[in-house]
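Trainee: mmCIF, C-alpha atoms (C1' of nucleotides), saved as query.cif, coming up:
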```cif
data_protein
#
loop_
_atom_site.label_atom_id
_atom_site.label_comp_id
_atom_site.auth_asym_id
_atom_site.auth_seq_id
_atom_site.Cartn_x
_atom_site.Cartn_y
_atom_site.Cartn_z
CA MET J 1 15.97 77.89 24.42
CA PRO J 2 14.99 81.21 23.06
CA GLU J 3 17.24 82.21 20.19
CA LEU J 4 17.06 85.17 17.87
CA PRO J 5 13.77 84.24 16.13
CA GLU J 6 11.99 83.63 19.43
CA VAL J 7 13.20 86.94 20.86
CA GLU J 8 12.23 88.73 17.65
CA THR J 9 8.78 87.11 17.84
CA ILE J 10 8.48 88.41 21.40
CA ARG J 11 9.64 91.88 20.37
CA ARG J 12 6.99 92.09 17.68
CA GLY J 13 4.21 90.64 19.81
CA LEU J 14 4.95 92.69 22.90
CA ARG J 15 5.34 95.92 20.99
CA LYS J 16 1.64 96.07 20.26
CA LEU J 17 0.76 95.44 23.90
CA VAL J 18 3.05 97.66 25.97
CA ILE J 19 4.21 100.60 23.87
CA ASP J 20 2.98 103.90 25.35
CA LYS J 21 2.02 102.16 28.59
CA VAL J 22 3.61 103.37 31.82
CA VAL J 23 5.45 100.92 34.08
CA VAL J 24 3.87 101.60 37.45
CA LYS J 25 5.40 98.82 39.53
CA ILE J 26 8.00 96.08 39.27
CA THR J 27 7.94 93.17 41.71
CA THR J 28 10.86 90.76 41.98
CA PHE J 29 10.39 87.25 43.34
CA GLU J 30 13.99 86.09 42.85
CA PRO J 31 16.88 88.49 43.53
CA LYS J 32 19.20 86.63 41.15
CA SER J 33 16.84 87.35 38.25
CA PHE J 34 16.79 91.14 38.54
CA VAL J 35 19.85 93.39 38.50
CA GLY J 36 19.54 97.02 39.54
CA ASP J 37 16.98 99.18 41.33
CA VAL J 38 13.35 98.71 40.28
CA LYS J 39 12.71 102.35 41.19
CA LYS J 40 14.89 103.47 38.29
CA ALA J 41 12.41 101.92 35.86
CA GLU J 42 9.11 102.63 37.60
CA GLN J 43 6.85 105.50 36.51
CA ARG J 44 8.36 105.53 33.03
CA ARG J 45 6.57 105.10 29.72
CA VAL J 46 7.55 102.35 27.26
CA MET J 47 8.98 104.06 24.17
CA GLY J 48 10.08 101.07 22.12
CA LEU J 49 11.32 97.51 21.98
CA ALA J 50 14.70 96.62 20.52
CA ARG J 51 16.72 93.44 20.16
CA ARG J 52 20.44 92.64 20.11
CA GLY J 53 21.04 89.03 19.22
CA LYS J 54 19.12 87.06 21.84
CA ALA J 55 18.71 90.05 24.18
CA LEU J 56 15.47 92.02 24.31
CA ILE J 57 15.60 95.68 25.29
CA ILE J 58 12.49 97.38 26.63
CA GLN J 59 13.19 101.08 26.10
CA LEU J 60 11.65 103.42 28.65
CA GLU J 61 11.45 107.20 28.61
CA GLY J 62 14.41 109.14 29.94
CA GLY J 63 17.06 106.81 28.47
CA VAL J 64 16.32 103.92 30.83
CA ASN J 65 16.11 100.32 29.61
CA LEU J 66 15.10 96.90 30.81
CA LEU J 67 17.59 94.48 29.27
CA VAL J 68 16.03 91.00 29.21
CA HIS J 69 17.95 87.81 28.50
CA LEU J 70 15.88 84.63 28.58
CA ARG J 71 18.85 82.23 28.41
CA MET J 72 17.65 78.60 28.47
CA THR J 73 14.22 78.59 30.07
CA GLY J 74 13.01 82.17 30.21
CA GLN J 75 9.63 83.25 28.86
CA LEU J 76 7.59 86.45 28.88
CA VAL J 77 3.83 86.34 29.30
CA TYR J 78 1.61 89.39 29.05
CA VAL J 79 -1.75 89.26 30.79
CA GLY J 80 -4.20 92.09 30.15
CA THR J 81 -7.21 92.55 27.95
CA ARG J 82 -5.65 89.66 26.07
CA ARG J 83 -3.01 87.08 26.90
CA TRP J 84 0.15 86.70 24.90
CA GLY J 85 3.42 84.92 25.50
CA GLY J 86 6.70 83.88 23.95
CA GLY J 87 9.97 82.15 24.84
CA HIS J 88 10.59 78.77 26.43
CA PRO J 89 7.35 76.82 25.90
CA THR J 90 5.88 75.58 29.19
CA ASP J 91 2.46 75.41 30.81
CA ASP J 92 3.17 78.78 32.40
CA PHE J 93 1.98 80.17 29.06
CA LEU J 94 -1.47 79.05 30.27
CA ASN J 95 -1.21 78.86 34.08
CA SER J 96 -2.47 81.41 36.55
CA LEU J 97 0.34 83.91 37.14
CA PRO J 98 2.48 84.59 39.07
CA SER J 99 3.52 80.92 39.24
CA ALA J 100 6.31 79.12 41.06
CA HIS J 101 8.60 80.11 38.17
CA THR J 102 7.74 83.79 38.04
CA ARG J 103 10.88 85.79 38.80
CA VAL J 104 9.74 89.31 37.90
CA MET J 105 6.35 90.98 37.39
CA VAL J 106 5.96 94.34 35.62
CA GLU J 107 2.64 96.16 36.05
CA PHE J 108 1.43 98.83 33.63
CA ASP J 109 -0.94 101.76 34.04
CA ASP J 110 -3.70 100.03 32.05
CA ALA J 111 -3.67 97.10 34.53
CA GLY J 112 -1.77 94.90 32.07
CA ARG J 113 0.95 92.77 33.65
CA LEU J 114 4.10 91.27 32.15
CA PHE J 115 5.54 88.14 33.77
CA PHE J 116 9.13 86.98 33.40
CA ASN J 117 9.09 83.26 34.16
CA ASP J 118 12.27 81.20 34.22
CA GLN J 119 12.57 77.66 35.58
CA ARG J 120 16.35 77.49 35.75
CA LYS J 121 17.08 81.05 36.86
CA PHE J 122 19.76 81.54 34.20
CA GLY J 123 17.92 84.44 32.62
CA PHE J 124 17.74 87.96 34.01
CA ILE J 125 16.41 91.47 33.63
CA LYS J 126 18.79 94.39 34.17
CA VAL J 127 17.92 98.09 34.55
CA LEU J 128 20.46 100.02 32.48
CA SER J 129 20.83 103.52 31.09
CA ASP J 130 21.40 103.88 27.34
CA ASP J 131 25.16 104.19 27.97
CA GLU J 132 25.22 101.22 30.28
CA VAL J 133 23.54 99.06 27.63
CA GLU J 134 26.32 99.88 25.18
CA GLN J 135 28.96 99.23 27.83
CA ASP J 136 27.40 95.95 28.98
CA SER J 137 30.04 93.21 28.68
CA PHE J 138 27.69 90.89 26.78
CA ILE J 139 26.22 93.52 24.45
CA LYS J 140 29.61 95.06 23.70
CA LYS J 141 31.11 91.80 22.45
CA LEU J 142 28.21 90.78 20.22
CA GLY J 143 29.00 90.23 16.55
CA THR J 144 26.74 91.49 13.78
CA ASP J 145 23.11 90.54 14.27
CA ALA J 146 22.29 87.46 12.21
CA LEU J 147 19.24 89.19 10.73
CA ALA J 148 20.86 92.55 10.08
CA GLU J 149 20.64 93.86 6.54
CA GLU J 150 24.39 94.41 6.46
CA PHE J 151 25.27 90.86 7.54
CA GLY J 152 26.51 89.15 4.39
CA TRP J 153 28.29 85.87 3.85
CA ARG J 154 31.63 87.67 3.60
CA ASP J 155 31.12 89.00 7.12
CA LEU J 156 30.65 85.45 8.31
CA LYS J 157 33.81 84.44 6.45
CA ARG J 158 35.77 87.29 8.05
CA GLN J 159 34.64 86.19 11.52
CA PHE J 160 35.36 82.54 10.75
CA LEU J 161 38.96 83.46 9.89
CA ARG J 162 39.53 84.21 13.58
CA HIS J 163 38.64 80.63 14.51
CA PRO J 164 40.22 78.32 11.93
CA LYS J 165 40.70 75.49 14.42
CA SER J 166 37.19 75.64 15.87
CA LYS J 167 34.51 73.19 14.94
CA VAL J 168 32.04 75.03 12.77
CA LYS J 169 29.17 74.46 15.18
CA ALA J 170 31.16 76.01 18.03
CA ALA J 171 31.91 79.03 15.84
CA LEU J 172 28.23 79.50 14.98
CA LEU J 173 27.27 79.37 18.66
CA ASP J 174 29.90 82.01 19.50
CA GLN J 175 27.91 85.24 19.92
CA THR J 176 30.95 87.33 19.01
CA VAL J 177 31.06 85.67 15.57
CA VAL J 178 27.41 86.33 14.77
CA ALA J 179 24.73 87.38 17.25
CA GLY J 180 21.62 85.29 17.76
CA VAL J 181 22.42 81.72 16.71
CA GLY J 182 21.77 79.01 19.31
CA ASN J 183 21.66 75.24 19.24
CA ILE J 184 18.52 74.92 17.11
CA TYR J 185 19.53 77.28 14.33
CA ALA J 186 23.14 76.07 14.34
CA ASP J 187 21.90 72.54 13.60
CA GLU J 188 19.32 73.72 11.07
CA SER J 189 21.79 75.98 9.25
CA LEU J 190 24.44 73.26 8.98
CA PHE J 191 21.86 70.80 7.69
CA PHE J 192 20.73 73.38 5.15
CA ALA J 193 24.35 73.76 4.02
CA GLY J 194 25.08 70.02 4.08
CA VAL J 195 28.05 70.63 6.38
CA HIS J 196 28.99 68.38 9.31
CA PRO J 197 29.06 70.33 12.62
CA GLU J 198 32.54 69.01 13.49
CA ARG J 199 34.21 70.24 10.33
CA LEU J 200 36.98 72.66 11.24
CA VAL J 201 36.25 76.20 10.18
CA GLY J 202 39.59 76.43 8.38
CA SER J 203 38.61 73.56 6.09
CA LEU J 204 35.49 75.26 4.73
CA ASN J 205 35.51 76.71 1.22
CA ASP J 206 33.70 79.90 0.21
CA LYS J 207 30.77 78.01 -1.23
CA GLU J 208 30.21 76.16 2.04
CA ILE J 209 30.44 79.36 4.10
CA GLU J 210 27.98 81.04 1.79
CA LYS J 211 25.55 78.15 2.21
CA ILE J 212 25.88 78.18 5.99
CA TRP J 213 25.18 81.92 5.95
CA ARG J 214 22.14 81.35 3.76
CA GLY J 215 21.03 78.59 6.12
CA VAL J 216 21.19 80.93 9.11
CA ARG J 217 19.18 83.60 7.33
CA GLU J 218 16.54 81.33 5.83
CA THR J 219 15.87 79.11 8.83
CA MET J 220 15.59 82.10 11.15
CA GLN J 221 13.32 84.00 8.79
CA LYS J 222 11.09 80.96 8.40
CA SER J 223 10.79 80.58 12.16
CA ILE J 224 9.87 84.25 12.59
CA ASP J 225 7.32 83.97 9.80
CA VAL J 226 5.49 81.15 11.59
CA GLY J 227 5.67 82.84 14.99
CA GLY J 228 8.53 80.86 16.62
CA SER J 229 7.92 79.59 20.09
CA SER J 230 4.90 81.50 21.33
CA LEU J 231 1.61 80.94 23.08
CA LYS J 232 -0.06 80.93 19.67
CA ASN J 233 1.89 77.82 18.65
CA TYR J 234 1.78 76.16 22.07
CA VAL J 235 -1.87 75.19 21.86
CA LYS J 236 -3.27 74.05 18.55
CA ALA J 237 -6.77 74.79 17.28
CA ASP J 238 -7.99 71.42 18.55
CA GLY J 239 -6.71 72.20 22.06
CA LYS J 240 -3.80 69.75 21.85
CA LYS J 241 -0.25 70.82 22.61
CA GLY J 242 1.61 72.01 19.55
CA ASN J 243 5.33 71.79 18.90
CA TYR J 244 6.64 74.89 17.19
CA LEU J 245 9.65 72.95 15.86
CA GLU J 246 7.25 71.10 13.58
CA LEU J 247 6.62 74.39 11.82
CA PHE J 248 10.12 74.88 10.45
CA ALA J 249 12.74 72.44 11.82
CA GLN J 250 14.20 69.83 9.47
CA VAL J 251 16.56 68.00 11.85
CA PHE J 252 16.30 69.49 15.33
CA HIS J 253 14.69 66.94 17.68
CA LYS J 254 13.96 64.85 14.58
CA GLU J 255 16.24 61.93 15.40
CA GLY J 256 14.84 58.63 14.14
CA LEU J 257 12.87 60.38 11.41
CA ARG J 258 13.74 60.52 7.72
CA CYS J 259 15.92 63.24 6.26
CA PRO J 260 13.68 65.46 4.10
CA LYS J 261 16.42 65.65 1.44
CA CYS J 262 17.62 62.06 1.07
CA GLY J 263 15.46 59.86 3.29
CA ALA J 264 18.32 58.61 5.49
CA GLU J 265 17.70 58.43 9.22
CA ILE J 266 18.46 61.58 11.18
CA VAL J 267 20.70 60.91 14.16
CA LYS J 268 21.51 62.77 17.34
CA ILE J 269 25.17 63.03 18.32
CA ARG J 270 27.03 64.96 20.98
CA SER J 271 29.21 67.76 19.69
CA VAL J 272 30.73 70.84 21.31
CA GLY J 273 29.08 69.61 24.52
CA ARG J 274 25.61 69.93 23.00
CA GLY J 275 22.98 67.64 21.59
CA THR J 276 23.46 67.86 17.83
CA HIS J 277 21.20 66.65 15.04
CA ILE J 278 22.45 65.67 11.60
CA CYS J 279 21.67 63.66 8.54
CA PRO J 280 24.73 61.38 8.36
CA ASN J 281 24.30 61.07 4.61
CA CYS J 282 23.98 64.77 3.74
CA GLN J 283 26.51 65.99 6.31
CA LYS J 284 29.75 64.03 6.08
CA LEU J 285 32.92 64.76 8.04
CA GLY J 286 35.32 63.73 5.32
CA LYS J 287 33.64 65.91 2.75
"C1'" DC B 1 45.02 85.29 21.64
"C1'" DT B 2 42.08 80.74 20.98
"C1'" DA B 3 39.82 76.10 22.28
"C1'" DG B 4 37.68 73.08 25.43
"C1'" DG B 5 35.60 71.79 29.73
"C1'" DA B 6 33.15 72.84 34.08
"C1'" DT B 7 29.59 75.47 35.98
"C1'" DC B 8 25.29 78.16 37.37
"C1'" DC B 9 19.92 76.05 38.42
"C1'" DT B 10 15.68 73.21 38.24
"C1'" DG B 11 12.59 70.13 35.77
"C1'" DT B 12 11.88 66.07 33.06
"C1'" DC B 13 12.54 61.73 31.33
"C1'" DA B 14 14.64 57.07 30.67
"C1'" DG B 15 16.06 53.09 33.01
"C1'" DC B 16 16.16 50.17 36.83
"C1'" DT H 1 5.86 54.03 42.61
"C1'" DG H 2 10.39 55.73 43.67
"C1'" DC H 3 15.01 56.54 42.96
"C1'" DT H 4 19.17 57.88 40.08
"C1'" DG H 5 21.64 59.88 36.56
"C1'" DA H 6 21.73 62.24 32.25
"C1'" DC H 7 20.64 66.06 30.02
"C1'" DA H 8 18.54 70.53 28.62
"C1'" DG H 9 17.22 75.57 22.66
"C1'" DG H 10 22.93 79.81 27.07
"C1'" DA H 11 26.84 82.19 28.40
"C1'" DT H 12 30.79 82.76 31.42
"C1'" DC H 13 34.80 81.53 33.88
"C1'" DC H 14 38.87 78.90 34.22
"C1'" DT H 15 42.66 76.28 32.41
"C1'" DA H 16 45.97 74.87 28.99
#
```
Just give me the structure as structure tokens.
Mentor:
Amino acid sequence: MPELPEVETIRRGLRKLVIDKVVVKITTFEPKSFVGDVKKAEQRRVMGLARRGKALIIQLEGGVNLLVHLRMTGQLVYVGTRRWGGGHPTDDFLNSLPSAHTRVMVEFDDAGRLFFNDQRKFGFIKVLSDDEVEQDSFIKKLGTDALAEEFGWRDLKRQFLRHPKSKVKAALLDQTVVAGVGNIYADESLFFAGVHPERLVGSLNDKEIEKIWRGVRETMQKSIDVGGSSLKNYVKADGKKGNYLELFAQVFHKEGLRCPKCGAEIVKIRSVGRGTHICPNCQKLGK
DNA sequence: CTAGGATCCTGTCAGC
DNA sequence: TGCTGACAGGATCCTA
């Protein structure tokens, strides 16, 4: 689930809670979810929080990092003087922790605790030196960050040129093309641009590429502005469960509802092996 | 080199 | 109620 905006929301939220705190102990509940020696990270102060695409990097003193990837179902929940969480929205935002899904627990010197919960065990935390982060096979291959200042529509065009026979949705999901786009923002960006996800990249004109690029930027920024998928959006003021997609999504999980642009019915199709949401009137294949 | 499909794992939901 | 199969907001590995 968590894509760039969710990870960025976590980075901003967590920053206020753990910077300058010392990691005193790391407990792992699932070996698959933690790579490296916990002792390398213990007794080190948190210096900063960075992000590369969908990866979060907790920077510790002495050039040591905790590289966190939430993949499909990962979430981070901080429990201390206050409670805060972000990532895949589940009741573990609210439950007593550790829970059955807690894979790693990080304890700080002020008694705050950070829980990495992950139902499907696809996510992980790795202890890496600064050099090792740069050499990491995933990090090394990442394209320009979708939110980076220097990422312009011509950069997207240049990357697209490498994949002329790909479907445009597949190209957007490719982290080496642009870092941070997942299934939600791919669908939202293509709806924004009025481009069908199965159009071949080579068939797109400059105007369409520019609109897709704008769609990526605007939908992600809007999601960050409203706080993405976080504990704050999980429970509404009246105590009922909230759905953060309501806050910015136009088509994602909106099948059966009306297209906000033309009023046609939004449909869900299967494309590139993923559930894909389009307005069949605004996004035509033959166009 | 690229493109497409299977795969890791568990929880949930629709349909019978 | 209980079972079964499909599928899930990601990335990698394998094949062609």
Trainee: Can you pull out the residues contacting segment 179-191 of chain J? Cut-off 9 Å, using all atoms listed in the file, and skip same-chain residues under 4 positions away; I want them as a count of residues only.
Mentor: 50
Trainee: Name the residues that the PyMOL selection byres ((chain J) within 9 of (chain B)) pulls out of this structure, and write them as a VMD selection string.
Mentor: chain J and resid 119 to 122 162 to 163 165 to 166 272 to 273
Trainee: Given the file shown, determine the residues that the PyMOL selection byres ((chain J and resi 65-78) around 7) selects; report them as a PyMOL selection string.
Mentor: (chain J and resi 1-2+54-60+63-64+79-80+83-88+93+113-120+122-130) or (chain H and resi 9-10)
Trainee: Between atom CA of Arg270 of chain J and atom CA of Gly286 of chain J, what is the distance in Å, rounded to a tenth?
Mentor: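 Separating atom CA of Arg270 of chain J from atom CA of Gly286 of chain J is a distance of 17.8 Å.
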Trainee: Here's the selection I'm unsure about, the PyMOL selection byres ((chain J and resi 23) around 10); applied to the file above, which residues does it give, as a CSV table (one decimal) with C-alpha atoms, in the coordinates of the input?
Mentor:
```csv
chain,number,residue,atom,x,y,z
J,18,VAL,CA,3.0,97.7,26.0
J,20,ASP,CA,3.0,103.9,25.4
J,21,LYS,CA,2.0,102.2,28.6
J,22,VAL,CA,3.6,103.4,31.8
J,24,VAL,CA,3.9,101.6,37.4
J,25,LYS,CA,5.4,98.8,39.5
J,26,ILE,CA,8.0,96.1,39.3
J,41,ALA,CA,12.4,101.9,35.9
J,42,GLU,CA,9.1,102.6,37.6
J,43,GLN,CA,6.8,105.5,36.5
J,44,ARG,CA,8.4,105.5,33.0
J,45,ARG,CA,6.6,105.1,29.7
J,46,VAL,CA,7.6,102.4,27.3
J,60,LEU,CA,11.6,103.4,28.6
J,106,VAL,CA,6.0,94.3,35.6
J,107,GLU,CA,2.6,96.2,36.0
J,108,PHE,CA,1.4,98.8,33.6
J,109,ASP,CA,-0.9,101.8,34.0
J,110,ASP,CA,-3.7,100.0,32.0
J,111,ALA,CA,-3.7,97.1,34.5
J,112,GLY,CA,-1.8,94.9,32.1
J,113,ARG,CA,1.0,92.8,33.6
J,114,LEU,CA,4.1,91.3,32.2
```
Trainee: Measure the distance from atom CA of Pro89 of chain J to atom CA of Ile139 of chain J in Å and round it to one decimal.
Mentor: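 So the two atoms, atom CA of Pro89 of chain J and atom CA of Ile139 of chain J, lie 25.2 Å apart.
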Trainee: So how far away is atom CA of Asn281 of chain J from atom CA of Leu200 of chain J, in Å?
Mentor: 18.4 Å
Trainee: Tell me which of J:Phe248, J:Phe29, J:Phe138, J:Trp153 sits closest to chain H, counting all atoms listed in the file.
Mentor: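 The shortest atom-to-atom distance to chain H comes from J:Phe138.
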Trainee: Work out where the centre of an axis-aligned box around every listed atom of chain H lies and how long its edges are once 5 Å is added on each side; give both in Å to one decimal as JSON.
Mentor:
```
{"center_x": 25.9, "center_y": 68.4, "center_z": 33.2, "size_x": 50.1, "size_y": 38.7, "size_z": 31.0}
```
